[in-house]
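Beneath this line is the structure, given in structure tokens, with notes to follow.
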Amino acid sequence: GLTLRVTDNKTGYFGVCLKSGRVKPYEARVWRDDKHVQLGYFATAEEAALCIARTPEAQVAAQRAAVAPPPTPPLTSEEARQQAQAERLTLLVAENKTGYLGVYNSSSRTKPYLAQVSRSGKMVYLGSFANAEEAALCVARSPEGQVAAQKAAAPALTSEESWQQAQAEELTLRVADNKTGYFGVNLANPGHPKPFQARVSRSNKMVHMGSFATAEEAALCIARSPEG
């Protein structure tokens, strides 16, 4: 009366990891008391999944899954675009392999497109999807995606307008001895409509604040941040 929970990873089973080079290469783990607890190593993925299925954690998860509504069918790329339009959301494009902001490709998965956002200085996983557009729709629905869309829709400021806005807000555009002339601003994409990137150090990590048409606009973004 147990359920071997399938999932979209290399082993095909929830909580089961493949550790190559071992006689029993399949590791079973559960999340218990805010920690990953190792249950043992097994010859097959199914045996490891059976070990997990016998745990209290897995049985609680199985009970929840039994009463949960059935999952919605995946959207095609065109359906994802139409849904975004219906919800008045923007699928944010980016210069990466998938073509969309916050969407990454993991070819080892059945659903190879991962949606992620940066939240409180950490990358948060939102889900796996069959196509890049569906993953981009997931990002667009998140609070972070909606903030990014608002920033992208805002008209770009000229260098002079950025200076005037900084003065109006009583902010300082910090100059620096680098190629752009401003602290935290670098020329990342020459030839791109928004070639200047703004970055700050937050919790010992470099955080990307956005891309801008001018160095002054990027410097204004930094000046508005707590770090600036």
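As shown in the structure tokens, the chain order sets the letters A, B, ...; within each chain, residues go from 1, and ligands are also counted from 1 in the order they appear.
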Please give the complete set of residues from region 15-153 of chain A that DSSP, run on the backbone, assigns to helix (DSSP H, G or I), formatted as a PyMOL selection string. chain A and resi 45-53+56-67+77-86+132-141+143-153
Please identify all polymer residues within 10 Å of Val6 (chain A), counting only C-alpha atoms, omitting same-chain residues fewer than 3 positions from it, and present them as number ranges by chain. A: 3, 9, 11-16, 46, 49
Would you mind exporting all heavy atoms of the selected residues as a PDB file, in the first residue's frame?
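Generated file (result-v4.pdb):
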ATOM      1  N   THR A   3       3.525   4.156  -2.062  1.00  0.00           N
ATOM      2  CA  THR A   3       3.712   4.796  -3.366  1.00  0.00           C
ATOM      3  C   THR A   3       5.179   5.155  -3.561  1.00  0.00           C
ATOM      4  O   THR A   3       5.772   5.826  -2.708  1.00  0.00           O
ATOM      5  CB  THR A   3       2.862   6.078  -3.462  1.00  0.00           C
ATOM      6  OG1 THR A   3       1.486   5.747  -3.280  1.00  0.00           O
ATOM      7  CG2 THR A   3       3.043   6.743  -4.821  1.00  0.00           C
ATOM      8  N   ASN A   9      14.102  13.785 -12.127  1.00  0.00           N
ATOM      9  CA  ASN A   9      15.547  13.834 -11.915  1.00  0.00           C
ATOM     10  C   ASN A   9      16.195  12.618 -12.584  1.00  0.00           C
ATOM     11  O   ASN A   9      15.522  11.851 -13.265  1.00  0.00           O
ATOM     12  CB  ASN A   9      15.881  13.911 -10.413  1.00  0.00           C
ATOM     13  CG  ASN A   9      15.397  12.681  -9.650  1.00  0.00           C
ATOM     14  OD1 ASN A   9      15.148  11.619 -10.225  1.00  0.00           O
ATOM     15  ND2 ASN A   9      15.264  12.818  -8.343  1.00  0.00           N
ATOM     16  N   THR A  11      17.333   9.827 -11.463  1.00  0.00           N
ATOM     17  CA  THR A  11      16.928   8.492 -11.000  1.00  0.00           C
ATOM     18  C   THR A  11      15.454   8.210 -11.272  1.00  0.00           C
ATOM     19  O   THR A  11      15.035   7.059 -11.307  1.00  0.00           O
ATOM     20  CB  THR A  11      17.173   8.338  -9.495  1.00  0.00           C
ATOM     21  OG1 THR A  11      16.284   9.208  -8.775  1.00  0.00           O
ATOM     22  CG2 THR A  11      18.623   8.667  -9.141  1.00  0.00           C
ATOM     23  N   GLY A  12      14.673   9.269 -11.411  1.00  0.00           N
ATOM     24  CA  GLY A  12      13.247   9.099 -11.651  1.00  0.00           C
ATOM     25  C   GLY A  12      12.406   9.029 -10.395  1.00  0.00           C
ATOM     26  O   GLY A  12      11.178   8.935 -10.482  1.00  0.00           O
ATOM     27  N   TYR A  13      13.053   9.099  -9.215  1.00  0.00           N
ATOM     28  CA  TYR A  13      12.312   8.963  -7.952  1.00  0.00           C
ATOM     29  C   TYR A  13      12.673  10.080  -6.976  1.00  0.00           C
ATOM     30  O   TYR A  13      13.838  10.475  -6.854  1.00  0.00           O
ATOM     31  CB  TYR A  13      12.590   7.605  -7.304  1.00  0.00           C
ATOM     32  CG  TYR A  13      12.044   6.445  -8.101  1.00  0.00           C
ATOM     33  CD1 TYR A  13      12.870   5.713  -8.939  1.00  0.00           C
ATOM     34  CD2 TYR A  13      10.696   6.114  -8.042  1.00  0.00           C
ATOM     35  CE1 TYR A  13      12.371   4.659  -9.697  1.00  0.00           C
ATOM     36  CE2 TYR A  13      10.181   5.064  -8.796  1.00  0.00           C
ATOM     37  CZ  TYR A  13      11.025   4.342  -9.622  1.00  0.00           C
ATOM     38  OH  TYR A  13      10.527   3.315 -10.374  1.00  0.00           O
ATOM     39  N   PHE A  14      11.665  10.525  -6.261  1.00  0.00           N
ATOM     40  CA  PHE A  14      11.815  11.592  -5.282  1.00  0.00           C
ATOM     41  C   PHE A  14      12.744  11.154  -4.149  1.00  0.00           C
ATOM     42  O   PHE A  14      12.564  10.080  -3.563  1.00  0.00           O
ATOM     43  CB  PHE A  14      10.438  11.962  -4.720  1.00  0.00           C
ATOM     44  CG  PHE A  14      10.476  13.042  -3.686  1.00  0.00           C
ATOM     45  CD1 PHE A  14      10.564  14.372  -4.054  1.00  0.00           C
ATOM     46  CD2 PHE A  14      10.424  12.728  -2.338  1.00  0.00           C
ATOM     47  CE1 PHE A  14      10.598  15.372  -3.097  1.00  0.00           C
ATOM     48  CE2 PHE A  14      10.452  13.722  -1.369  1.00  0.00           C
ATOM     49  CZ  PHE A  14      10.549  15.045  -1.762  1.00  0.00           C
ATOM     50  N   GLY A  15      13.733  11.996  -3.831  1.00  0.00           N
ATOM     51  CA  GLY A  15      14.637  11.716  -2.719  1.00  0.00           C
ATOM     52  C   GLY A  15      15.743  10.733  -3.024  1.00  0.00           C
ATOM     53  O   GLY A  15      16.536  10.402  -2.141  1.00  0.00           O
ATOM     54  N   VAL A  16      15.813  10.242  -4.259  1.00  0.00           N
ATOM     55  CA  VAL A  16      16.832   9.259  -4.640  1.00  0.00           C
ATOM     56  C   VAL A  16      17.881   9.934  -5.519  1.00  0.00           C
ATOM     57  O   VAL A  16      17.556  10.573  -6.520  1.00  0.00           O
ATOM     58  CB  VAL A  16      16.196   8.070  -5.396  1.00  0.00           C
ATOM     59  CG1 VAL A  16      17.277   7.066  -5.795  1.00  0.00           C
ATOM     60  CG2 VAL A  16      15.133   7.405  -4.531  1.00  0.00           C
ATOM     61  N   GLU A  46      14.658   1.802  -7.470  1.00  0.00           N
ATOM     62  CA  GLU A  46      13.364   1.404  -6.910  1.00  0.00           C
ATOM     63  C   GLU A  46      13.484   0.970  -5.448  1.00  0.00           C
ATOM     64  O   GLU A  46      12.605   1.262  -4.623  1.00  0.00           O
ATOM     65  CB  GLU A  46      12.751   0.275  -7.752  1.00  0.00           C
ATOM     66  CG  GLU A  46      12.227   0.707  -9.111  1.00  0.00           C
ATOM     67  CD  GLU A  46      13.330   1.004 -10.115  1.00  0.00           C
ATOM     68  OE1 GLU A  46      14.491   0.602  -9.863  1.00  0.00           O
ATOM     69  OE2 GLU A  46      13.042   1.648 -11.135  1.00  0.00           O
ATOM     70  N   ALA A  49      13.776   4.051  -3.477  1.00  0.00           N
ATOM     71  CA  ALA A  49      12.472   4.707  -3.416  1.00  0.00           C
ATOM     72  C   ALA A  49      11.536   3.990  -2.449  1.00  0.00           C
ATOM     73  O   ALA A  49      10.722   4.625  -1.766  1.00  0.00           O
ATOM     74  CB  ALA A  49      11.855   4.754  -4.813  1.00  0.00           C
TER      75      ALA A  49
END
Pick from A:Ala130, A:Ile222, A:Val124, A:Ala152 nearest to Ser201 (chain A), counting only C-alpha atoms: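 Under the stated criterion, the closest residue is A:Ile222.
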Report, in Å with one decimal, the straight-line distance from CA of Lys151 (chain A) to CA of Ser77 (chain A).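 Separation between CA of Lys151 (chain A) and CA of Ser77 (chain A): 24.5 Å.
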When distances are computed from only C-alpha atoms, which of A:Thr76, A:Thr158, A:Gln164, A:Asn204 shows the smallest separation from Ala218 (chain A)?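 The answer is A:Thr158, which sits nearest to Ala218 (chain A).
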As a PDB file with N, CA and C atoms, in the first residue's frame, list the residues of region 40-138 of chain A assigned to strand (DSSP E or B) by DSSP on the backbone atoms of this structure.
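File written: result_38.pdb
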ATOM      1  N   GLY A  40      20.344   5.451   3.483  1.00  0.00           N
ATOM      2  CA  GLY A  40      21.134   4.303   3.058  1.00  0.00           C
ATOM      3  C   GLY A  40      21.392   4.299   1.565  1.00  0.00           C
ATOM      4  N   TYR A  41      22.207   3.299   1.139  1.00  0.00           N
ATOM      5  CA  TYR A  41      22.536   3.117  -0.274  1.00  0.00           C
ATOM      6  C   TYR A  41      21.957   1.789  -0.755  1.00  0.00           C
ATOM      7  N   PHE A  42      21.538   1.766  -2.029  1.00  0.00           N
ATOM      8  CA  PHE A  42      20.826   0.612  -2.561  1.00  0.00           C
ATOM      9  C   PHE A  42      21.286   0.287  -3.984  1.00  0.00           C
ATOM     10  N   VAL A  93      12.531  38.917 -22.030  1.00  0.00           N
ATOM     11  CA  VAL A  93      13.588  38.309 -22.829  1.00  0.00           C
ATOM     12  C   VAL A  93      14.946  38.640 -22.211  1.00  0.00           C
ATOM     13  N   TYR A 100      15.064  33.895 -22.229  1.00  0.00           N
ATOM     14  CA  TYR A 100      14.163  34.517 -21.267  1.00  0.00           C
ATOM     15  C   TYR A 100      14.845  34.722 -19.918  1.00  0.00           C
ATOM     16  N   VAL A 103      15.153  31.961 -16.799  1.00  0.00           N
ATOM     17  CA  VAL A 103      14.896  30.620 -17.334  1.00  0.00           C
ATOM     18  C   VAL A 103      16.215  29.973 -17.733  1.00  0.00           C
ATOM     19  N   TYR A 104      16.447  28.754 -17.261  1.00  0.00           N
ATOM     20  CA  TYR A 104      17.690  28.031 -17.510  1.00  0.00           C
ATOM     21  C   TYR A 104      17.389  26.642 -18.057  1.00  0.00           C
ATOM     22  N   ASN A 105      18.328  26.109 -18.797  1.00  0.00           N
ATOM     23  CA  ASN A 105      18.145  24.794 -19.411  1.00  0.00           C
ATOM     24  C   ASN A 105      18.953  23.733 -18.676  1.00  0.00           C
ATOM     25  N   TYR A 113      13.406  22.987 -18.759  1.00  0.00           N
ATOM     26  CA  TYR A 113      13.500  24.433 -18.532  1.00  0.00           C
ATOM     27  C   TYR A 113      13.154  24.775 -17.083  1.00  0.00           C
ATOM     28  N   LEU A 114      14.109  25.362 -16.373  1.00  0.00           N
ATOM     29  CA  LEU A 114      13.952  25.697 -14.957  1.00  0.00           C
ATOM     30  C   LEU A 114      13.659  27.182 -14.811  1.00  0.00           C
ATOM     31  N   ALA A 115      12.708  27.504 -13.951  1.00  0.00           N
ATOM     32  CA  ALA A 115      12.387  28.898 -13.640  1.00  0.00           C
ATOM     33  C   ALA A 115      12.953  29.238 -12.267  1.00  0.00           C
ATOM     34  N   GLN A 116      13.724  30.325 -12.199  1.00  0.00           N
ATOM     35  CA  GLN A 116      14.334  30.750 -10.944  1.00  0.00           C
ATOM     36  C   GLN A 116      14.282  32.265 -10.836  1.00  0.00           C
ATOM     37  N   VAL A 117      14.187  32.773  -9.612  1.00  0.00           N
ATOM     38  CA  VAL A 117      14.272  34.212  -9.352  1.00  0.00           C
ATOM     39  C   VAL A 117      15.202  34.446  -8.174  1.00  0.00           C
ATOM     40  N   SER A 118      15.733  35.635  -8.104  1.00  0.00           N
ATOM     41  CA  SER A 118      16.567  36.023  -6.970  1.00  0.00           C
ATOM     42  C   SER A 118      15.672  36.670  -5.930  1.00  0.00           C
ATOM     43  N   ARG A 119      15.636  36.065  -4.736  1.00  0.00           N
ATOM     44  CA  ARG A 119      14.764  36.556  -3.665  1.00  0.00           C
ATOM     45  C   ARG A 119      15.556  36.650  -2.368  1.00  0.00           C
ATOM     46  N   LYS A 122      18.994  35.215  -2.557  1.00  0.00           N
ATOM     47  CA  LYS A 122      19.155  33.791  -2.833  1.00  0.00           C
ATOM     48  C   LYS A 122      18.366  33.417  -4.083  1.00  0.00           C
ATOM     49  N   MET A 123      18.873  32.434  -4.833  1.00  0.00           N
ATOM     50  CA  MET A 123      18.162  31.931  -5.991  1.00  0.00           C
ATOM     51  C   MET A 123      17.064  30.977  -5.527  1.00  0.00           C
ATOM     52  N   VAL A 124      15.830  31.264  -5.921  1.00  0.00           N
ATOM     53  CA  VAL A 124      14.673  30.460  -5.525  1.00  0.00           C
ATOM     54  C   VAL A 124      14.148  29.712  -6.749  1.00  0.00           C
ATOM     55  N   TYR A 125      14.042  28.394  -6.624  1.00  0.00           N
ATOM     56  CA  TYR A 125      13.568  27.531  -7.711  1.00  0.00           C
ATOM     57  C   TYR A 125      12.043  27.554  -7.743  1.00  0.00           C
ATOM     58  N   LEU A 126      11.457  27.853  -8.918  1.00  0.00           N
ATOM     59  CA  LEU A 126      10.011  27.960  -9.053  1.00  0.00           C
ATOM     60  C   LEU A 126       9.372  26.750  -9.722  1.00  0.00           C
ATOM     61  N   GLY A 127      10.182  25.947 -10.440  1.00  0.00           N
ATOM     62  CA  GLY A 127       9.609  24.774 -11.092  1.00  0.00           C
ATOM     63  C   GLY A 127      10.316  24.415 -12.377  1.00  0.00           C
ATOM     64  N   SER A 128       9.972  23.239 -12.921  1.00  0.00           N
ATOM     65  CA  SER A 128      10.516  22.748 -14.189  1.00  0.00           C
ATOM     66  C   SER A 128       9.398  22.695 -15.219  1.00  0.00           C
ATOM     67  N   PHE A 129       9.745  22.981 -16.474  1.00  0.00           N
ATOM     68  CA  PHE A 129       8.722  23.101 -17.505  1.00  0.00           C
ATOM     69  C   PHE A 129       9.205  22.497 -18.824  1.00  0.00           C
TER      70      PHE A 129
END
Within 7 Å of Ala223 (chain A) using only C-alpha atoms, minus same-chain residues under 6 positions, as an NGL selection string: :A and (171-173)
Residue among A:Ala215, A:Ala168, A:Val37, A:Ala80 lying closest to Ala188 (chain A), counting only C-alpha atoms: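 Distance minimum relative to Ala188 (chain A) lands on A:Ala215.
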Which is closest to Glu78 (chain A) among A:Glu144, A:Asp34, A:Glu133, A:Glu27, if we use only C-alpha atoms?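 Between A:Glu144, A:Asp34, A:Glu133, A:Glu27, the residue approaching Glu78 (chain A) most closely is A:Glu133.
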Residues at most 12 Å from Glu87 (chain A), counting only C-alpha atoms, excluding those fewer than 2 positions away in the same chain, as a list in words? Ala80, Arg81, Gln82, Gln83, Ala84, Gln85, Leu89, Thr90, Leu91, Leu137, Cys138, Ala140, Arg141 and Gln146 of chain A
